[in-house]
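Right, one structure below, let's go through it.
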Amino acid sequence: MLWERLKLLPESCEVLMSVQDPEMRTIGIIADPGIADAVANRVAARLEGVLEKLQEQEHRWDVQVAPFSLPLGESGRVALNDKVPKLREKHGWDFIIYLTDAPHYVQNRPVRSVISVEDASAVLSMPSLGMARPRTVARELAELVRELATGKQPAPPPTPLGRAMSVHASRQDGQNEQNRITSIEGLRGRLLLVAGMVRSNQPWKLVPRLSSAMAGAVATGAFGVFYTSIWSMADYLPATRLALITLSSILILTLWLLLHNRLWERPQGNRRRERMVIYNAATVLTVGFAATAMYLLLFLALLAGALIVIDQEYLAYQLRHDVSLAEYVNLAWLASSLGTMGGAIGSSFDEVKEVQRATFSQREYERRNMEFTISKDEVD
């Protein structure tokens, strides 16, 4: 008799757990390959925890990330609603959010998000969040899921000052009145958008694509380090003059990369003038940061080479005075500036397409001409 009761115990526990276990809700995050996909995977677990605190109803949450891009329309808008039925059929997601690394335009306005409660789907533009940390992205995603699940919109800032300082505005979608969009307003909003676009461009990843430029810069800089006339010039020039030469060399490399690789942006579709200004500002900053990073790497390499190869007594003999670390720094400083100018010529041998992919115009062009497909890997 006891054995029969023990046999029934597992079944009773399963029934009890099924009664007490809250309903499972699944969230599918479609993320553009690259930084959007990386951020989505980083915040997936955090998002589940945030949702448990925000959601009025008790649910268990399962966040799934699928890395692929959706095509853009001529207006710069993602037609997510048309894809929702196919995505839901393939994946069985309750809520669908597209996390994109491209700026999103609706009704000729840059927007942070587009929410469709009817379709239980939303689009979130990462650049609109600026230099947001993963915690901020998780909070924004949680607010979107909360609105999709409950239909309740986020409360506006409680104070007049908070509303005046806000860079976002809520409005209805003109193409679909069931949708709500959060637009980006004012100069501060545009500056935030540019900062987010630079982050999405990942300028640190542009440096490895400039291998020929780096090789040319190292060769030119190494010649300067071991050329005695450069020693005397670096010792003679004041710090302000060296700093001016540095800025000039980085500017020359930046302009050369922009012109040679045809990186000047010419966005298509609506609001072209505004988008041209925003896109090109982000492109110039992206290339400028990459050129600066290349300069710093070159400086460290040449400084190490100078310290290893050039004997201190021999350098003092050539300069006719005692030397310290400062003389080595000045030498590497000037040689790095000369090397950066030489790197501009070396960049002519880099792959143009690889460099162009670091800007929005090329990626946007590809998205406008892509077809929406869901491969087997994406389904799995």
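Following the order of the structure tokens, chains are lettered A, B, ..., residues in each are numbered from 1, and ligands are numbered from 1.
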Using only C-alpha atoms, which residues sit within 6 Å of segment 283-286 of chain A once same-chain residues fewer than 2 positions away are excluded, as a list of chain:residue names?
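Near neighbours after the sequence-gap exclusion: A:Val198, A:Pro203, A:Asn280, A:Ala281, A:Gly288, A:Phe289, A:Thr359.
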Convert the current residue selection to file output with N, CA, C and O atoms, as a PDB file, in the first residue's frame.
```
ATOM      1  N   VAL A 198      27.446  56.414 -34.380  1.00  0.00           N
ATOM      2  CA  VAL A 198      28.892  56.182 -34.316  1.00  0.00           C
ATOM      3  C   VAL A 198      29.175  54.887 -33.564  1.00  0.00           C
ATOM      4  O   VAL A 198      30.020  54.081 -33.982  1.00  0.00           O
ATOM      5  N   PRO A 203      33.697  52.015 -34.763  1.00  0.00           N
ATOM      6  CA  PRO A 203      34.938  52.499 -35.384  1.00  0.00           C
ATOM      7  C   PRO A 203      36.165  51.685 -35.012  1.00  0.00           C
ATOM      8  O   PRO A 203      37.127  51.637 -35.789  1.00  0.00           O
ATOM      9  N   ASN A 280      26.422  61.833 -42.455  1.00  0.00           N
ATOM     10  CA  ASN A 280      27.803  62.234 -42.717  1.00  0.00           C
ATOM     11  C   ASN A 280      28.516  62.650 -41.445  1.00  0.00           C
ATOM     12  O   ASN A 280      29.725  62.421 -41.311  1.00  0.00           O
ATOM     13  N   ALA A 281      27.802  63.255 -40.509  1.00  0.00           N
ATOM     14  CA  ALA A 281      28.423  63.563 -39.219  1.00  0.00           C
ATOM     15  C   ALA A 281      28.869  62.276 -38.528  1.00  0.00           C
ATOM     16  O   ALA A 281      29.983  62.198 -37.983  1.00  0.00           O
ATOM     17  N   GLY A 288      37.171  59.388 -38.148  1.00  0.00           N
ATOM     18  CA  GLY A 288      38.099  60.142 -37.318  1.00  0.00           C
ATOM     19  C   GLY A 288      38.538  59.370 -36.089  1.00  0.00           C
ATOM     20  O   GLY A 288      39.721  59.372 -35.721  1.00  0.00           O
ATOM     21  N   PHE A 289      37.595  58.678 -35.436  1.00  0.00           N
ATOM     22  CA  PHE A 289      37.952  57.857 -34.284  1.00  0.00           C
ATOM     23  C   PHE A 289      38.871  56.710 -34.698  1.00  0.00           C
ATOM     24  O   PHE A 289      39.812  56.367 -33.969  1.00  0.00           O
ATOM     25  N   THR A 359      30.078  52.218 -42.725  1.00  0.00           N
ATOM     26  CA  THR A 359      29.192  53.374 -42.747  1.00  0.00           C
ATOM     27  C   THR A 359      27.765  52.919 -43.032  1.00  0.00           C
ATOM     28  O   THR A 359      27.526  51.818 -43.515  1.00  0.00           O
TER      29      THR A 359
END
```
Within 12 Å of Tyr227 of chain A, counting only C-alpha atoms, which residues show up once you throw out same-chain ones fewer than 5 positions away? Write them as a ChimeraX atom specification, please.
/A:220-222,232-234,306,310,315,318,331-332,334-335
Picked from segment 207-359 of chain A by DSSP as alpha helix (DSSP H), as a PyMOL selection string
chain A and resi 207-209+211-225+228-236+239-260+272-309+312-319+325-346+352-356
Would you mind listing what lies within 10 Å of Tyr314 of chain A as a PyMOL selection string, with only C-alpha atoms counted and same-chain residues fewer than 5 positions away left out?
chain A and resi 319-320+323
Shell around Trp333 of chain A at 9 Å using only C-alpha atoms, local window under 3 positions removed, as a list in words:
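Residues meeting the cut-off are Ala234, Leu242, Ala243, Thr246, Phe299, Leu302, Leu303, Tyr328, Val329, Asn330, Ser336, Ser337 and Leu338 of chain A.
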For atom CA of Thr292 of chain A and atom CA of Gly224 of chain A, determine how far apart the two atoms are, in Å to one decimal place.
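Atom CA of Gly224 of chain A lies at a distance of 19.2 Å from atom CA of Thr292 of chain A.
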Which residues are near segment 118-132 of chain A? Cut-off 6 Å, only C-alpha atoms, ignore same chain within fewer than 3 positions. Put them as a PyMOL selection string.
chain A and resi 95-101+103+112-115+136+148+192-193+195-197
Selection from above, N, CA and C atoms, as a compact mmCIF listing (two decimals), in the first residue's frame, can you write it?
```
# COMPACT_ATOMS: atom_id res chain seq x y z
N PHE A 95 5.65 37.62 -28.56
CA PHE A 95 5.97 39.02 -28.87
C PHE A 95 7.22 39.05 -29.74
N ILE A 96 7.24 39.96 -30.70
CA ILE A 96 8.35 40.07 -31.64
C ILE A 96 8.87 41.50 -31.60
N ILE A 97 10.18 41.65 -31.40
CA ILE A 97 10.83 42.96 -31.38
C ILE A 97 12.02 42.92 -32.32
N TYR A 98 12.08 43.91 -33.18
CA TYR A 98 13.21 44.02 -34.10
C TYR A 98 14.18 45.06 -33.55
N LEU A 99 15.37 44.63 -33.16
CA LEU A 99 16.42 45.52 -32.65
C LEU A 99 17.38 45.80 -33.79
N THR A 100 17.35 47.02 -34.31
CA THR A 100 18.14 47.36 -35.48
C THR A 100 19.24 48.35 -35.14
N ASP A 101 20.37 48.25 -35.84
CA ASP A 101 21.47 49.19 -35.62
C ASP A 101 21.40 50.37 -36.57
N PRO A 103 19.32 53.88 -38.04
CA PRO A 103 18.28 54.86 -37.67
C PRO A 103 17.00 54.57 -38.42
N ARG A 112 12.54 56.43 -32.13
CA ARG A 112 13.17 55.45 -31.25
C ARG A 112 12.49 54.10 -31.39
N SER A 113 11.16 54.10 -31.43
CA SER A 113 10.45 52.83 -31.48
C SER A 113 9.12 52.99 -32.21
N VAL A 114 8.66 51.88 -32.75
CA VAL A 114 7.33 51.76 -33.35
C VAL A 114 6.66 50.57 -32.69
N ILE A 115 5.51 50.79 -32.05
CA ILE A 115 4.84 49.74 -31.29
C ILE A 115 3.50 49.42 -31.93
N THR A 136 20.38 49.85 -20.00
CA THR A 136 19.40 50.76 -20.58
C THR A 136 18.64 50.08 -21.71
N LEU A 148 3.18 45.99 -25.07
CA LEU A 148 2.58 45.00 -25.96
C LEU A 148 1.69 44.03 -25.20
N LEU A 192 22.11 62.91 -29.86
CA LEU A 192 22.05 61.57 -29.28
C LEU A 192 22.02 60.52 -30.37
N LEU A 193 21.28 60.79 -31.45
CA LEU A 193 21.19 59.85 -32.57
C LEU A 193 22.55 59.69 -33.24
N ALA A 195 25.52 60.11 -31.90
CA ALA A 195 26.38 59.34 -31.01
C ALA A 195 26.06 57.85 -31.09
N GLY A 196 24.77 57.52 -31.14
CA GLY A 196 24.39 56.11 -31.27
C GLY A 196 24.80 55.52 -32.60
N MET A 197 24.75 56.31 -33.67
CA MET A 197 25.17 55.82 -34.98
C MET A 197 26.66 55.55 -35.01
```
Distance of atom CA of Glu143 of chain A from atom CA of Pro71 of chain A, expressed in Å to one decimal place
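Between atom CA of Pro71 of chain A and atom CA of Glu143 of chain A the gap is 25.0 Å.
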Would you pick out the contacts of Arg146 of chain A at 12 Å or less, using only C-alpha atoms, so that residues sharing its chain but fewer than 6 positions from it are not included, and give the list as an MDAnalysis selection string?
chainID A and resid 25 27 47:48 50:57 59 61 95 115 117 120:122 139:140 152:154
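In this structure, atom CA of Tyr295 of chain A sits 16.8 Å away from atom CA of Ala239 of chain A.
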Shortest interatomic distance to Ile250 of chain A - which of A:Val194, A:Ala293, A:Val167, A:Leu206, counting only C-alpha atoms
A:Ala293
Nearest residue to Ala215 of chain A out of A:Glu147, A:Gln107, A:Gly342, A:Arg272, using only C-alpha atoms?
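Of all the options, A:Gly342 lies closest to Ala215 of chain A.
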Could you pull out the strand (DSSP E or B) residues of segment 44-285 of chain A from DSSP and send them as a ChimeraX atom specification?
/A:59-67,72,78,95-100,104-106,109-116,121-125,168-172,179-184
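Nearest to Arg209 of chain A of all the residues A:Ile184, A:Ser248, A:Trp231, A:Ala290 is A:Ala290, counting only C-alpha atoms.
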Counting only C-alpha atoms, which residue out of A:Ala66, A:Ala217, A:Trp264, A:Asn201 sits closest to Ile30 of chain A?
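For Ile30 of chain A, the nearest of the given residues is A:Ala66.
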With distances taken over only C-alpha atoms, which of A:Phe68, A:Tyr236, A:Trp256, A:Trp204 is nearest to Ile345 of chain A?
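Checking each candidate against Ile345 of chain A, we get A:Trp256 as the closest.
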